[in-house]
Structure formats: C-alpha cells, structure tokens
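Quick look at my_file.txt (compact mmCIF, C-alpha atoms and all ligand atoms):
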# COMPACT_ATOMS: atom_id res chain seq x y z
CA MET A 1 119.60 107.26 104.59
CA LYS A 2 118.85 110.99 104.65
CA PHE A 3 119.34 112.95 107.90
CA PHE A 4 116.95 115.82 108.64
CA ALA A 5 117.45 118.16 111.60
CA ASP A 6 114.38 118.40 113.82
CA THR A 7 114.64 121.98 115.05
CA ALA A 8 113.80 125.61 114.20
CA ASP A 9 116.97 126.91 115.89
CA VAL A 10 118.75 128.60 112.99
CA ALA A 11 122.07 128.85 114.86
CA GLU A 12 122.06 125.07 115.38
CA LEU A 13 121.03 124.56 111.74
CA ARG A 14 123.81 126.79 110.38
CA SER A 15 126.36 124.90 112.49
CA LEU A 16 125.09 121.48 111.38
CA ALA A 17 124.82 122.54 107.71
CA GLY A 18 128.59 123.11 107.78
CA THR A 19 129.16 119.38 108.37
CA GLY A 20 127.50 118.44 105.08
CA LEU A 21 125.47 115.84 106.98
CA MET A 22 122.12 117.69 106.99
CA ASP A 23 119.81 116.72 104.09
CA GLY A 24 116.76 118.72 105.23
CA VAL A 25 114.85 120.12 108.21
CA THR A 26 111.61 119.36 109.97
CA THR A 27 109.72 121.77 112.20
CA ASN A 28 106.42 121.59 114.05
CA PRO A 29 104.30 124.18 115.90
CA SER A 30 106.10 123.42 119.20
CA LEU A 31 109.53 123.93 117.63
CA ILE A 32 108.37 127.18 115.99
CA ALA A 33 107.02 128.38 119.36
CA LYS A 34 110.37 127.48 120.97
CA SER A 35 112.19 129.63 118.37
CA GLY A 36 110.25 132.68 119.57
CA ARG A 37 110.05 133.95 115.98
CA LYS A 38 107.33 134.61 113.38
CA MET A 39 106.76 131.33 111.53
CA SER A 40 107.02 132.70 107.98
CA GLU A 41 110.29 134.46 108.82
CA VAL A 42 112.01 131.51 110.49
CA ILE A 43 110.84 129.09 107.76
CA ALA A 44 112.18 131.46 105.07
CA GLU A 45 115.54 131.66 106.86
CA ILE A 46 115.72 127.87 107.32
CA CYS A 47 114.97 127.42 103.59
CA SER A 48 118.00 129.63 102.86
CA ILE A 49 120.25 127.44 105.03
CA THR A 50 119.47 124.15 103.25
CA ASP A 51 118.45 123.18 99.71
CA GLY A 52 116.74 120.09 101.12
CA PRO A 53 113.07 119.77 102.12
CA VAL A 54 111.97 122.00 105.03
CA SER A 55 108.77 120.80 106.68
CA ALA A 56 106.42 123.59 107.81
CA GLU A 57 103.23 122.45 109.57
CA VAL A 58 99.73 123.80 109.16
CA THR A 59 97.88 124.63 112.38
CA ALA A 60 94.28 124.59 111.17
CA THR A 61 92.17 121.49 111.81
CA ASP A 62 89.65 121.86 108.97
CA HIS A 63 90.42 120.96 105.36
CA GLU A 64 89.60 124.32 103.76
CA THR A 65 91.81 126.31 106.11
CA MET A 66 94.57 123.67 106.04
CA LEU A 67 94.60 124.03 102.26
CA LYS A 68 94.91 127.83 102.46
CA GLU A 69 97.67 127.57 105.07
CA GLY A 70 99.47 124.88 103.08
CA ARG A 71 99.48 126.95 99.90
CA TYR A 72 100.70 129.97 101.89
CA LEU A 73 103.55 127.96 103.44
CA ARG A 74 104.50 126.41 100.10
CA ALA A 75 104.82 129.89 98.59
CA ILE A 76 107.48 130.87 101.14
CA ALA A 77 110.23 128.91 99.34
CA LYS A 78 110.59 126.20 96.68
CA ASN A 79 111.94 123.68 99.21
CA VAL A 80 109.03 123.92 101.67
CA ALA A 81 107.29 120.62 102.32
CA VAL A 82 103.86 121.14 103.87
CA LYS A 83 103.26 119.14 107.05
CA VAL A 84 99.73 118.01 107.89
CA PRO A 85 98.48 115.89 110.84
CA LEU A 86 97.20 112.37 110.23
CA THR A 87 93.51 113.23 110.44
CA GLU A 88 90.75 112.99 107.81
CA ALA A 89 91.14 116.70 107.06
CA GLY A 90 94.91 116.25 106.91
CA LEU A 91 94.64 113.36 104.44
CA ARG A 92 92.17 115.30 102.27
CA THR A 93 94.57 118.25 102.25
CA CYS A 94 97.50 115.93 101.51
CA LYS A 95 95.70 114.58 98.42
CA VAL A 96 94.89 118.03 97.01
CA LEU A 97 98.33 119.53 97.69
CA SER A 98 100.13 116.41 96.39
CA ASP A 99 98.06 116.52 93.18
CA GLU A 100 99.18 120.17 92.82
CA GLY A 101 102.81 119.03 93.02
CA THR A 102 103.41 120.16 96.60
CA PRO A 103 105.44 117.71 98.70
CA VAL A 104 103.48 116.79 101.83
CA ASN A 105 104.84 115.34 105.07
CA VAL A 106 102.04 113.58 106.98
CA THR A 107 102.90 113.76 110.66
CA LEU A 108 101.77 112.39 114.04
CA CYS A 109 101.61 108.86 112.63
CA PHE A 110 101.32 106.10 115.27
CA SER A 111 99.97 103.09 113.36
CA ALA A 112 100.66 101.18 110.14
CA ASN A 113 97.04 101.70 109.04
CA GLN A 114 97.57 105.46 109.30
CA ALA A 115 100.77 105.17 107.24
CA LEU A 116 98.94 103.13 104.58
CA LEU A 117 96.31 105.87 104.23
CA ALA A 118 99.00 108.59 103.98
CA ALA A 119 100.67 106.74 101.09
CA LYS A 120 97.31 106.40 99.33
CA ALA A 121 96.82 110.17 99.80
CA GLY A 122 100.06 110.76 97.88
CA ALA A 123 102.26 111.86 100.78
CA ALA A 124 105.90 112.56 99.92
CA PHE A 125 106.85 111.65 103.51
CA ILE A 126 105.20 109.79 106.41
CA SER A 127 106.40 110.66 109.93
CA PRO A 128 105.89 107.81 112.42
CA PHE A 129 106.85 109.05 115.92
CA VAL A 130 109.00 106.27 117.41
CA GLY A 131 110.09 108.06 120.61
CA ARG A 132 106.58 108.90 121.73
CA LEU A 133 105.52 105.26 121.25
CA ASP A 134 108.56 104.06 123.24
CA ASP A 135 107.70 106.65 125.92
CA ILE A 136 104.39 104.83 126.64
CA GLY A 137 105.76 101.29 126.47
CA TYR A 138 105.15 100.42 122.82
CA ASP A 139 107.90 99.38 120.38
CA GLY A 140 108.24 102.32 117.97
CA MET A 141 110.61 100.44 115.71
CA GLU A 142 108.02 97.69 115.22
CA LEU A 143 105.88 100.34 113.54
CA ILE A 144 108.76 101.33 111.28
CA ALA A 145 109.29 97.68 110.26
CA ASP A 146 105.58 97.33 109.41
CA VAL A 147 105.47 100.56 107.40
CA VAL A 148 108.64 99.76 105.42
CA GLN A 149 107.24 96.30 104.60
CA ILE A 150 103.82 97.64 103.52
CA TYR A 151 105.36 100.38 101.37
CA ASP A 152 107.68 97.85 99.72
CA ASN A 153 104.74 95.49 99.06
CA TYR A 154 102.96 98.14 96.96
CA ASN A 155 105.97 100.13 95.75
CA PHE A 156 104.61 103.33 97.29
CA ARG A 157 106.79 106.36 96.55
CA THR A 158 106.11 107.83 100.00
CA GLU A 159 109.35 108.01 102.00
CA VAL A 160 109.42 106.71 105.58
CA LEU A 161 110.67 109.66 107.65
CA VAL A 162 111.37 108.29 111.14
CA ALA A 163 110.53 111.02 113.64
CA SER A 164 110.62 111.54 117.39
CA ILE A 165 114.12 110.05 117.44
CA ARG A 166 115.62 110.16 120.93
CA HIS A 167 119.14 108.68 120.50
CA PRO A 168 121.66 107.11 118.04
CA VAL A 169 120.24 103.58 118.56
CA HIS A 170 116.95 104.76 117.04
CA VAL A 171 118.91 105.91 113.97
CA LEU A 172 120.80 102.61 113.73
CA GLN A 173 117.60 100.56 114.04
CA ALA A 174 115.79 102.72 111.47
CA ALA A 175 118.70 102.40 109.04
CA LYS A 176 118.79 98.61 109.46
CA LEU A 177 115.07 98.54 108.63
CA GLY A 178 115.64 100.56 105.45
CA ALA A 179 113.82 103.75 106.46
CA HIS A 180 114.50 106.55 103.94
CA VAL A 181 114.94 109.44 106.39
CA GLY A 182 115.58 110.06 110.05
CA THR A 183 114.73 113.44 111.56
CA MET A 184 116.43 114.17 114.83
CA PRO A 185 117.76 116.90 117.11
CA PRO A 186 121.27 117.97 115.95
CA SER A 187 122.60 116.62 119.26
CA VAL A 188 121.71 113.07 118.13
CA ILE A 189 123.69 113.45 114.89
CA ARG A 190 126.66 114.73 116.87
CA ALA A 191 126.29 111.85 119.37
CA MET A 192 126.50 109.41 116.44
CA MET A 193 129.98 110.73 115.63
CA LYS A 194 131.37 110.02 119.09
CA HIS A 195 133.18 106.89 120.27
CA PRO A 196 135.63 106.75 123.22
CA LEU A 197 138.03 104.46 121.31
CA THR A 198 138.19 107.00 118.46
CA ASP A 199 139.14 109.74 120.92
CA LYS A 200 141.65 107.47 122.65
CA GLY A 201 143.19 106.31 119.38
CA LEU A 202 143.54 109.84 118.01
CA GLU A 203 145.18 110.98 121.22
CA ALA A 204 147.72 108.14 120.93
CA PHE A 205 148.40 108.86 117.23
CA LEU A 206 149.05 112.54 117.92
CA ALA A 207 151.26 111.80 120.94
CA ASP A 208 153.44 109.48 118.82
CA TRP A 209 153.45 111.99 115.94
CA ALA A 210 154.60 114.77 118.27
CA LYS A 211 157.65 112.68 119.13
CA THR A 212 158.82 112.76 115.49
CA GLY A 213 159.20 116.53 115.57
CA GLN A 214 157.73 116.60 112.05
CA SER A 215 154.89 118.65 110.61
CA ILE A 216 153.09 117.82 107.39
CA LEU A 217 152.92 121.43 106.13
O1 LIG A 301 109.02 117.10 114.73
C1 LIG A 301 108.43 115.84 114.67
C2 LIG A 301 108.97 114.92 115.75
O2 LIG A 301 110.30 114.58 115.45
C3 LIG A 301 108.91 115.51 117.14
O3 LIG A 301 109.09 114.46 118.02
O4 LIG A 301 108.65 113.49 120.25
O5 LIG A 301 110.71 114.89 119.88
O6 LIG A 301 108.47 115.99 119.94
P1 LIG A 301 109.24 114.74 119.60

Spit out the file's structure as structure tokens when you get a sec.
Amino acid sequence: MKFFADTADVAELRSLAGTGLMDGVTTNPSLIAKSGRKMSEVIAEICSITDGPVSAEVTATDHETMLKEGRYLRAIAKNVAVKVPLTEAGLRTCKVLSDEGTPVNVTLCFSANQALLAAKAGAAFISPFVGRLDDIGYDGMELIADVVQIYDNYNFRTEVLVASIRHPVHVLQAAKLGAHVGTMPPSVIRAMMKHPLTDKGLEAFLADWAKTGQSIL
C-alpha cells in the first residue's frame, strides 16, 4: 500500500520524507490556500521533496480551461499528477490528458458509479473521500470495497487512492480491502507508529540495559 501525504505544508513534508514512508503527495485548492503560497511555487517545491506523484488540482470548471490549467500544472515537474473533479468536464479533461500520457487523479468521488466512469476515462488514480461520507452518516469504506471489487472485475489500471482519511483505522480498513494508496495528513501516519505497549516495552528494555553498565559503541 502506498502512503501519500495530504498537505501542502513543505516543512511537514520534508520531515515526513525523512522517514522513507512517504510515496507521494496530494494537494487540493483548500490545502494550497492554507499554505499561503503561490500554487506553482509550492507545487514545484513539493515536487523537489518527493520523486513520487504530486497531485495538483485544476480550479476551472469548464473543459477547455481545465485542459489549459492541467497542461500548465503538468509542465511544472515530471512527477505532477493533474487532479480534476468528478464532473463531466473533469472526465472529459481526464480522457484527453490521460491519452497525452499525463497521470490524472480524479477527485471528489462519492459513489461507485463515479469511480467506474473515472476508470473508463483513463484515470491513473481515483480519490473516493471516505471521511466526508462518514461525516454525514454513510459508510465510506463500503464505497472503497465496491470500487476495489469493480476495478478487479474489469482489471482497470486505475489505482484506488483512498482520500479524506481521518485516523489510522481508516488506513487499516483500506489496506484490508486492497486499496492501492491512502492519502492522509502526516499526523495520521505518525499516529500509526504509536502503541503504548511499544513505549512501555522500550522503557523496560532500556532500564534493564542501563543496569549492565555496557554500551554497544
Ligand atoms: O485532499 C483530498 C482529501 O484527502 C481531502 O479530504 O475531507 O480531509 O478535506 P478532507
């Protein structure tokens, strides 16, 4: 399972990149706004932090302008994946850009029918938003199960990129379902590392080691 960091905070990204656990990055217009920086500059910097895919989202809503924006974003760096919303214009743009060899991440997916259309449009990634479905009382992971099954049925190459992840249980559930990628705030990846028994056990090991008076080096 690949782990993408869902942030445009370059300080957080540099810190996480040092763990070797970050396989790519996703951004969206809200995350770019939160960074307070010019989009092209922050995307270029993020692309220098990771060799993995960096999703940069168009903001137009019509196909012609989406296409221009997508080609502009793709030109920023070789590892830019262009993000488009799951609308008719977004799917049209996905098809054209994918046919040109540009990886496209189709985002704001909330149904299996939408995911089926994104795969037919040649998407490299589909981003079903599990957290936002959970937030309104739906079962986000049920969508992931449906999408993984449908993609397996037809051997689609589109990768299921689970998005809107809120906590480590979302990651665990997505991994058990066979999703290809999870994109999440760096805090979720760090939360996955933690267990109280690990901390307790390490403390006990080191206390016993200290009693030996030895040092390895
Ligand atoms: O960036 C795409 C997605 O992960 C954002 O989800 O619900 O945390 O805004 P959310």

Enumerate, in order of chain and increasing residue number, the residues of segment 105-166 of chain A with an atom no farther than 7 Å from segment 91-94 of chain A, each with its shortest atom pair and distance in Å to one decimal, counting only C-alpha atoms, as a Markdown table.
| residue | atom | partner | partner_atom | distance |
| --- | --- | --- | --- | --- |
| A:Ala118 | CA | A:Leu91 | CA | 6.5 |
| A:Ala121 | CA | A:Leu91 | CA | 6.0 |
| A:Gly122 | CA | A:Cys94 | CA | 6.8 |
| A:Ala123 | CA | A:Cys94 | CA | 6.3 |

- prompt: What is the atom C2 of ligand LIG 301 (chain A) to atom CA of Ala163 of chain A distance in Å?
  reply: 4.7 Å

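Minimum atom-to-atom distance to Phe129 of chain A, evaluated using only C-alpha atoms, belongs to A:Thr107 out of A:Asn113, A:Thr107, A:Asn155, A:Ser15.
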
- request: Have a look at A:Ala179, A:Ala210, A:Met192, A:Cys109 and name the one nearest to ligand LIG 301 (chain A); count all atoms listed in the file.
  value: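 Comparing A:Ala179, A:Ala210, A:Met192, A:Cys109 against ligand LIG 301 (chain A), the winner is A:Cys109.
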
message: What's around Lys34 of chain A at 9 Å? Count only C-alpha atoms, leave out sequence neighbours fewer than 3 positions away in its own chain, and write the answer as number ranges by chain.
response: A: 8-9, 29-31, 37
